[in-house]
$ cat structure-v8.json   # JSON, C-alpha atoms
[["chain", "number", "residue", "atom", "x", "y", "z"],
["A", 896, "MET", "CA", 5.42, 66.95, -49.48],
["A", 897, "LYS", "CA", 7.47, 64.25, -51.23],
["A", 898, "ARG", "CA", 9.56, 63.77, -48.09],
["A", 899, "THR", "CA", 6.41, 63.20, -46.02],
["A", 900, "LYS", "CA", 5.11, 60.57, -48.47],
["A", 901, "THR", "CA", 8.47, 58.79, -48.41],
["A", 902, "PHE", "CA", 8.57, 58.95, -44.63],
["A", 903, "ASN", "CA", 5.01, 57.60, -44.39],
["A", 904, "LEU", "CA", 5.81, 54.76, -46.79],
["A", 905, "ALA", "CA", 8.92, 53.79, -44.81],
["A", 906, "LEU", "CA", 7.07, 54.01, -41.50],
["A", 907, "THR", "CA", 4.20, 51.91, -42.88],
["A", 908, "GLY", "CA", 6.70, 49.27, -43.99],
["A", 909, "MET", "CA", 8.38, 49.24, -40.59],
["A", 910, "LEU", "CA", 5.06, 48.95, -38.75],
["A", 911, "ILE", "CA", 3.94, 46.12, -41.05],
["A", 912, "ALA", "CA", 7.24, 44.32, -40.42],
["A", 913, "ILE", "CA", 6.82, 44.71, -36.67],
["A", 914, "GLY", "CA", 3.19, 43.59, -37.00],
["A", 915, "ILE", "CA", 4.29, 40.43, -38.80],
["A", 916, "VAL", "CA", 7.09, 39.63, -36.37],
["A", 917, "ILE", "CA", 5.09, 40.09, -33.13],
["A", 918, "PRO", "CA", 2.59, 37.23, -33.64],
["A", 919, "MET", "CA", 5.23, 34.96, -35.13],
["A", 920, "PHE", "CA", 7.87, 35.30, -32.41],
["A", 921, "SER", "CA", 6.26, 36.82, -29.33],
["A", 922, "PRO", "CA", 7.08, 34.76, -26.25],
["A", 923, "ILE", "CA", 3.94, 36.09, -24.58],
["A", 924, "LYS", "CA", 0.95, 34.64, -26.40],
["A", 925, "VAL", "CA", -1.95, 32.71, -25.04],
["A", 926, "ILE", "CA", -4.27, 30.79, -27.35],
["A", 927, "ILE", "CA", -7.51, 29.60, -25.77],
["A", 928, "GLU", "CA", -9.51, 28.97, -28.90],
["A", 929, "PRO", "CA", -11.34, 30.75, -30.23],
["A", 930, "ALA", "CA", -9.45, 33.56, -28.47],
["A", 931, "SER", "CA", -5.80, 34.45, -28.65],
["A", 932, "PHE", "CA", -3.92, 37.10, -26.76],
["A", 933, "THR", "CA", -0.50, 38.10, -28.06],
["A", 934, "LEU", "CA", 1.07, 40.90, -26.05],
["A", 935, "ALA", "CA", 1.48, 44.08, -28.13],
["A", 936, "SER", "CA", 0.03, 42.53, -31.29],
["A", 937, "HIS", "CA", -2.15, 45.62, -31.82],
["A", 938, "VAL", "CA", 0.59, 48.17, -31.13],
["A", 939, "PRO", "CA", 1.71, 48.64, -34.77],
["A", 940, "ILE", "CA", -1.95, 48.96, -35.78],
["A", 941, "PHE", "CA", -2.68, 51.62, -33.16],
["A", 942, "ILE", "CA", 0.45, 53.60, -34.00],
["A", 943, "ALA", "CA", -0.59, 53.51, -37.67],
["A", 944, "MET", "CA", -4.12, 54.51, -36.64],
["A", 945, "PHE", "CA", -2.70, 57.55, -34.82],
["A", 946, "ILE", "CA", -1.13, 58.60, -38.14],
["A", 947, "SER", "CA", -3.61, 58.00, -40.99],
["A", 948, "PRO", "CA", -6.50, 55.83, -42.24],
["A", 949, "THR", "CA", -4.45, 54.50, -45.16],
["A", 950, "MET", "CA", -1.57, 53.51, -42.91],
["A", 951, "ALA", "CA", -4.00, 51.92, -40.44],
["A", 952, "ALA", "CA", -5.51, 49.77, -43.20],
["A", 953, "ALA", "CA", -2.13, 48.76, -44.61],
["A", 954, "VAL", "CA", -0.68, 47.81, -41.24],
["A", 955, "SER", "CA", -3.83, 45.90, -40.26],
["A", 956, "LEU", "CA", -3.56, 43.84, -43.45],
["A", 957, "GLY", "CA", 0.15, 43.29, -42.78],
["A", 958, "THR", "CA", -0.43, 42.06, -39.25],
["A", 959, "THR", "CA", -3.08, 39.70, -40.58],
["A", 960, "LEU", "CA", -0.38, 38.24, -42.79],
["A", 961, "GLY", "CA", 1.78, 37.84, -39.67],
["A", 962, "PHE", "CA", -0.89, 35.78, -37.94],
["A", 963, "PHE", "CA", -1.32, 33.67, -41.08],
["A", 964, "LEU", "CA", 2.43, 33.08, -41.45],
["A", 965, "GLY", "CA", 2.66, 32.40, -37.71],
["A", 966, "GLY", "CA", 0.45, 29.35, -38.18],
["A", 967, "PHE", "CA", -2.44, 30.60, -36.10],
["A", 968, "PRO", "CA", -5.87, 28.95, -36.50],
["A", 969, "LEU", "CA", -8.15, 30.34, -39.23],
["A", 970, "THR", "CA", -10.45, 31.96, -36.67],
["A", 971, "VAL", "CA", -7.51, 33.94, -35.27],
["A", 972, "VAL", "CA", -6.34, 35.03, -38.74],
["A", 973, "LEU", "CA", -9.86, 36.17, -39.67],
["A", 974, "ARG", "CA", -10.17, 38.00, -36.35],
["A", 975, "ALA", "CA", -6.94, 39.82, -37.20],
["A", 976, "LEU", "CA", -8.41, 40.81, -40.56],
["A", 977, "THR", "CA", -11.23, 42.65, -38.79],
["A", 978, "HIS", "CA", -8.65, 45.02, -37.31],
["A", 979, "VAL", "CA", -8.93, 46.99, -40.55],
["A", 980, "ILE", "CA", -12.38, 48.12, -39.41],
["A", 981, "PHE", "CA", -11.63, 49.56, -35.97],
["A", 982, "SER", "CA", -8.26, 50.98, -36.99],
["A", 983, "VAL", "CA", -9.60, 52.83, -40.03],
["A", 984, "LEU", "CA", -12.61, 54.13, -38.06],
["A", 985, "GLY", "CA", -10.27, 55.33, -35.29],
["A", 986, "ALA", "CA", -7.93, 56.99, -37.79],
["A", 987, "ILE", "CA", -10.84, 58.75, -39.52],
["A", 988, "TYR", "CA", -12.07, 59.98, -36.13],
["A", 989, "LEU", "CA", -8.60, 61.31, -35.24],
["A", 990, "LYS", "CA", -8.23, 62.94, -38.66],
["A", 991, "LYS", "CA", -11.57, 64.73, -38.28],
["A", 992, "HIS", "CA", -11.30, 65.66, -34.61],
["A", 993, "GLY", "CA", -7.56, 66.12, -34.15],
["A", 994, "SER", "CA", -5.13, 64.21, -32.01],
["A", 995, "ASP", "CA", -6.25, 65.77, -28.71],
["A", 996, "ALA", "CA", -8.07, 62.51, -27.90],
["A", 997, "ILE", "CA", -4.70, 60.73, -27.71],
["A", 998, "GLU", "CA", -2.84, 63.45, -25.85],
["A", 999, "SER", "CA", -2.75, 61.37, -22.66],
["A", 1000, "VAL", "CA", -3.84, 57.96, -21.44],
["A", 1001, "LYS", "CA", -6.61, 59.53, -19.36],
["A", 1002, "LYS", "CA", -7.97, 61.58, -22.29],
["A", 1003, "SER", "CA", -7.78, 58.55, -24.56],
["A", 1004, "LEU", "CA", -9.90, 56.20, -22.43],
["A", 1005, "PRO", "CA", -13.26, 57.01, -24.08],
["A", 1006, "LEU", "CA", -11.83, 56.55, -27.59],
["A", 1007, "SER", "CA", -9.93, 53.44, -26.51],
["A", 1008, "PHE", "CA", -13.10, 51.92, -25.04],
["A", 1009, "VAL", "CA", -15.29, 52.68, -28.07],
["A", 1010, "LEU", "CA", -12.69, 51.24, -30.44],
["A", 1011, "ALA", "CA", -12.27, 48.20, -28.18],
["A", 1012, "VAL", "CA", -16.01, 47.52, -28.29],
["A", 1013, "ILE", "CA", -16.02, 47.83, -32.11],
["A", 1014, "HIS", "CA", -12.93, 45.59, -32.18],
["A", 1015, "ALA", "CA", -14.54, 42.95, -29.97],
["A", 1016, "THR", "CA", -17.88, 43.06, -31.80],
["A", 1017, "CYS", "CA", -16.16, 42.43, -35.15],
["A", 1018, "GLU", "CA", -14.17, 39.54, -33.70],
["A", 1019, "VAL", "CA", -17.25, 37.96, -32.12],
["A", 1020, "LEU", "CA", -19.09, 38.24, -35.45],
["A", 1021, "VAL", "CA", -16.20, 36.46, -37.21],
["A", 1022, "VAL", "CA", -16.04, 33.61, -34.68],
["A", 1023, "LEU", "CA", -19.80, 33.15, -34.34],
["A", 1024, "PRO", "CA", -20.35, 31.25, -37.64],
["A", 1025, "PHE", "CA", -17.53, 28.83, -36.77],
["A", 1026, "TYR", "CA", -19.17, 28.17, -33.40],
["A", 1027, "ILE", "CA", -22.67, 27.80, -34.82],
["A", 1028, "ASN", "CA", -21.72, 25.41, -37.62],
["A", 1029, "GLY", "CA", -19.77, 23.16, -35.25],
["A", 1030, "SER", "CA", -16.37, 23.61, -36.86],
["A", 1031, "MET", "CA", -14.50, 24.62, -33.71],
["A", 1032, "PRO", "CA", -12.59, 22.31, -31.38],
["A", 1033, "GLN", "CA", -14.80, 20.41, -28.93],
["A", 1034, "ALA", "CA", -13.26, 22.26, -25.98],
["A", 1035, "ASN", "CA", -15.10, 25.42, -27.10],
["A", 1036, "TYR", "CA", -18.45, 23.69, -26.90],
["A", 1037, "ASP", "CA", -17.53, 22.16, -23.53],
["A", 1038, "LYS", "CA", -16.94, 25.69, -22.20],
["A", 1039, "GLY", "CA", -20.24, 26.86, -23.65],
["A", 1040, "PHE", "CA", -21.21, 29.83, -25.77],
["A", 1041, "PHE", "CA", -21.05, 32.42, -22.99],
["A", 1042, "ILE", "CA", -17.49, 31.59, -21.95],
["A", 1043, "SER", "CA", -16.09, 30.76, -25.41],
["A", 1044, "ILE", "CA", -17.59, 33.58, -27.41],
["A", 1045, "PHE", "CA", -18.78, 36.32, -25.07],
["A", 1046, "LEU", "CA", -16.12, 36.19, -22.35],
["A", 1047, "LEU", "CA", -13.01, 34.93, -24.16],
["A", 1048, "VAL", "CA", -13.47, 36.64, -27.51],
["A", 1049, "GLY", "CA", -15.71, 39.57, -26.57],
["A", 1050, "ILE", "CA", -14.58, 40.77, -23.16],
["A", 1051, "GLY", "CA", -11.07, 39.41, -23.70],
["A", 1052, "SER", "CA", -10.73, 41.48, -26.88],
["A", 1053, "VAL", "CA", -11.93, 44.64, -25.13],
["A", 1054, "ILE", "CA", -9.31, 44.25, -22.39],
["A", 1055, "HIS", "CA", -6.53, 43.26, -24.79],
["A", 1056, "SER", "CA", -7.38, 46.12, -27.16],
["A", 1057, "MET", "CA", -7.41, 48.75, -24.40],
["A", 1058, "PHE", "CA", -4.14, 47.44, -22.96],
["A", 1059, "ASP", "CA", -2.40, 47.58, -26.35],
["A", 1060, "PHE", "CA", -3.91, 51.03, -27.06],
["A", 1061, "THR", "CA", -2.36, 52.34, -23.84],
["A", 1062, "LEU", "CA", 0.95, 50.64, -24.61],
["A", 1063, "SER", "CA", 0.88, 52.30, -28.04],
["A", 1064, "LEU", "CA", 0.40, 55.73, -26.49],
["A", 1065, "TRP", "CA", 3.39, 55.18, -24.19],
["A", 1066, "LEU", "CA", 5.52, 54.04, -27.13],
["A", 1067, "CYS", "CA", 4.47, 57.07, -29.20],
["A", 1068, "LYS", "CA", 6.03, 59.50, -26.73],
["A", 1069, "PRO", "CA", 9.62, 58.81, -27.88],
["A", 1070, "ILE", "CA", 8.50, 58.89, -31.52],
["A", 1071, "GLN", "CA", 6.84, 62.26, -30.96],
["A", 1072, "ALA", "CA", 9.98, 63.58, -29.30],
["A", 1073, "VAL", "CA", 11.89, 62.91, -32.52],
["A", 1074, "TYR", "CA", 9.24, 63.53, -35.21],
["A", 1075, "GLY", "CA", 6.81, 65.94, -33.57],
["A", 1076, "LYS", "CA", 3.15, 65.46, -32.79],
["A", 1077, "LEU", "CA", 1.94, 62.52, -34.87],
["A", 1078, "GLY", "CA", -1.47, 63.90, -35.79],
["A", 1079, "GLN", "CA", -0.12, 67.26, -36.99],
["A", 1080, "GLN", "CA", 2.68, 65.85, -39.08],
["A", 1081, "MET", "CA", 1.06, 62.77, -40.54],
["A", 1082, "HIS", "CA", -2.55, 63.78, -41.25],
["A", 1083, "ALA", "CA", -1.36, 66.70, -43.35]]
$ encode --input "structure-v8.json" --output "structure tokens"
Amino acid sequence: MKRTKTFNLALTGMLIAIGIVIPMFSPIKVIIEPASFTLASHVPIFIAMFISPTMAAAVSLGTTLGFFLGGFPLTVVLRALTHVIFSVLGAIYLKKHGSDAIESVKKSLPLSFVLAVIHATCEVLVVLPFYINGSMPQANYDKGFFISIFLLVGIGSVIHSMFDFTLSLWLCKPIQAVYGKLGQQMHA
């Protein structure tokens, strides 16, 4: 049992480190305020989510720090903070129902979609007050509410979330080859 706790602590630290580095140094990031899309920025969060609720929360908070240290706008940092919600909910679901839902990309699509909608809803709710009180760059208002908030943040987050979820599943295969099935080993 002690070995598992030590392993989980080390893995959490590594995922947090990766989560901090990705937004700071990723060459593939697009910021169209109030939205931002950084390739693989959710991967450490999803891998942590596949393992446990506590790890999901810790890694989500760590990646939020990465966006803050990366100099992203406040709306982006606060959007990153909402990742705690969908990742912990997803981890609780996987803990209760087993890891069969993430056995393959095809089997994972319903879970990925539900989590992506929760993810996007939280991010829209964070950005909405900034839009309403007029504290966003003028370009957002020029685009209008539908494009700025609904399409860029809402739909954009759903697509980005599902893409990173799938990427996380593909990356978990080599980890599982070395450490065994994530859900069995880590939720214990």
$ closest_atom_pairs --input "structure-v8.json" --of "segment 965-1004 of chain A" --to "segment 919-933 of chain A" --cutoff "9 Å" --atoms "all atoms listed in the file" --output "CSV"
residue,atom,partner,partner_atom,distance
A:Gly965,CA,A:Met919,CA,4.5
A:Gly966,CA,A:Met919,CA,8.0
A:Phe967,CA,A:Met919,CA,8.9
A:Pro968,CA,A:Glu928,CA,8.4
A:Thr970,CA,A:Pro929,CA,6.6
A:Val971,CA,A:Ser931,CA,6.9
$ atom_distance --input "structure-v8.json" --atom1 "atom CA of Thr977 of chain A" --atom2 "atom CA of Ile1054 of chain A"
16.6 Å
$ residues_near_point --input "structure-v8.json" --point "(-7.4, 58.0, -33.8)" --cutoff "6 Å" --atoms "all atoms listed in the file" --output "list of chain:residue names"
A:Met944, A:Phe945, A:Gly985, A:Ala986, A:Tyr988, A:Leu989
$ atom_distance --input "structure-v8.json" --atom1 "atom CA of His1055 of chain A" --atom2 "atom CA of Pro1024 of chain A"
22.4 Å
$ atom_distance --input "structure-v8.json" --atom1 "atom CA of Ser1043 of chain A" --atom2 "atom CA of Val954 of chain A"
27.9 Å
$ closest_atom_pairs --input "structure-v8.json" --of "segment 912-1003 of chain A" --to "segment 900-908 of chain A" --cutoff "9 Å" --atoms "all atoms listed in the file" --output "JSON lines"
{"residue": "A:Ala912", "atom": "CA", "partner": "A:Gly908", "partner_atom": "CA", "distance": 6.1}
{"residue": "A:Ile913", "atom": "CA", "partner": "A:Gly908", "partner_atom": "CA", "distance": 8.6}
{"residue": "A:Ala943", "atom": "CA", "partner": "A:Thr907", "partner_atom": "CA", "distance": 7.3}
{"residue": "A:Ile946", "atom": "CA", "partner": "A:Asn903", "partner_atom": "CA", "distance": 8.8}
{"residue": "A:Met950", "atom": "CA", "partner": "A:Thr907", "partner_atom": "CA", "distance": 6.0}
{"residue": "A:Ala951", "atom": "CA", "partner": "A:Thr907", "partner_atom": "CA", "distance": 8.6}
{"residue": "A:Ala953", "atom": "CA", "partner": "A:Thr907", "partner_atom": "CA", "distance": 7.3}
{"residue": "A:Val954", "atom": "CA", "partner": "A:Thr907", "partner_atom": "CA", "distance": 6.6}
{"residue": "A:Gly957", "atom": "CA", "partner": "A:Gly908", "partner_atom": "CA", "distance": 9.0}
$ write_last_selection --input "structure-v8.json" --atoms "C-alpha atoms" --output "mmCIF file, in the frame of the given file"
data_model
loop_
_atom_site.group_PDB
_atom_site.id
_atom_site.type_symbol
_atom_site.label_atom_id
_atom_site.label_comp_id
_atom_site.auth_asym_id
_atom_site.auth_seq_id
_atom_site.Cartn_x
_atom_site.Cartn_y
_atom_site.Cartn_z
ATOM 1 C CA ALA A 912 7.240 44.320 -40.420
ATOM 2 C CA ILE A 913 6.820 44.710 -36.670
ATOM 3 C CA ALA A 943 -0.590 53.510 -37.670
ATOM 4 C CA ILE A 946 -1.130 58.600 -38.140
ATOM 5 C CA MET A 950 -1.570 53.510 -42.910
ATOM 6 C CA ALA A 951 -4.000 51.920 -40.440
ATOM 7 C CA ALA A 953 -2.130 48.760 -44.610
ATOM 8 C CA VAL A 954 -0.680 47.810 -41.240
ATOM 9 C CA GLY A 957 0.150 43.290 -42.780
#
$ closest_residue --input "structure-v8.json" --among "A:Leu1062, A:Val916, A:Leu976, A:Met909" --to "Phe941 of chain A" --atoms "all atoms listed in the file"
A:Leu1062
$ residues_around --input "structure-v8.json" --residues "Gly1049 of chain A" --least-positions-apart "3" --cutoff "7 Å" --atoms "all atoms listed in the file" --output "VMD selection string"
chain A and resid 1015 to 1016 1019 1044 to 1046 1052 to 1053
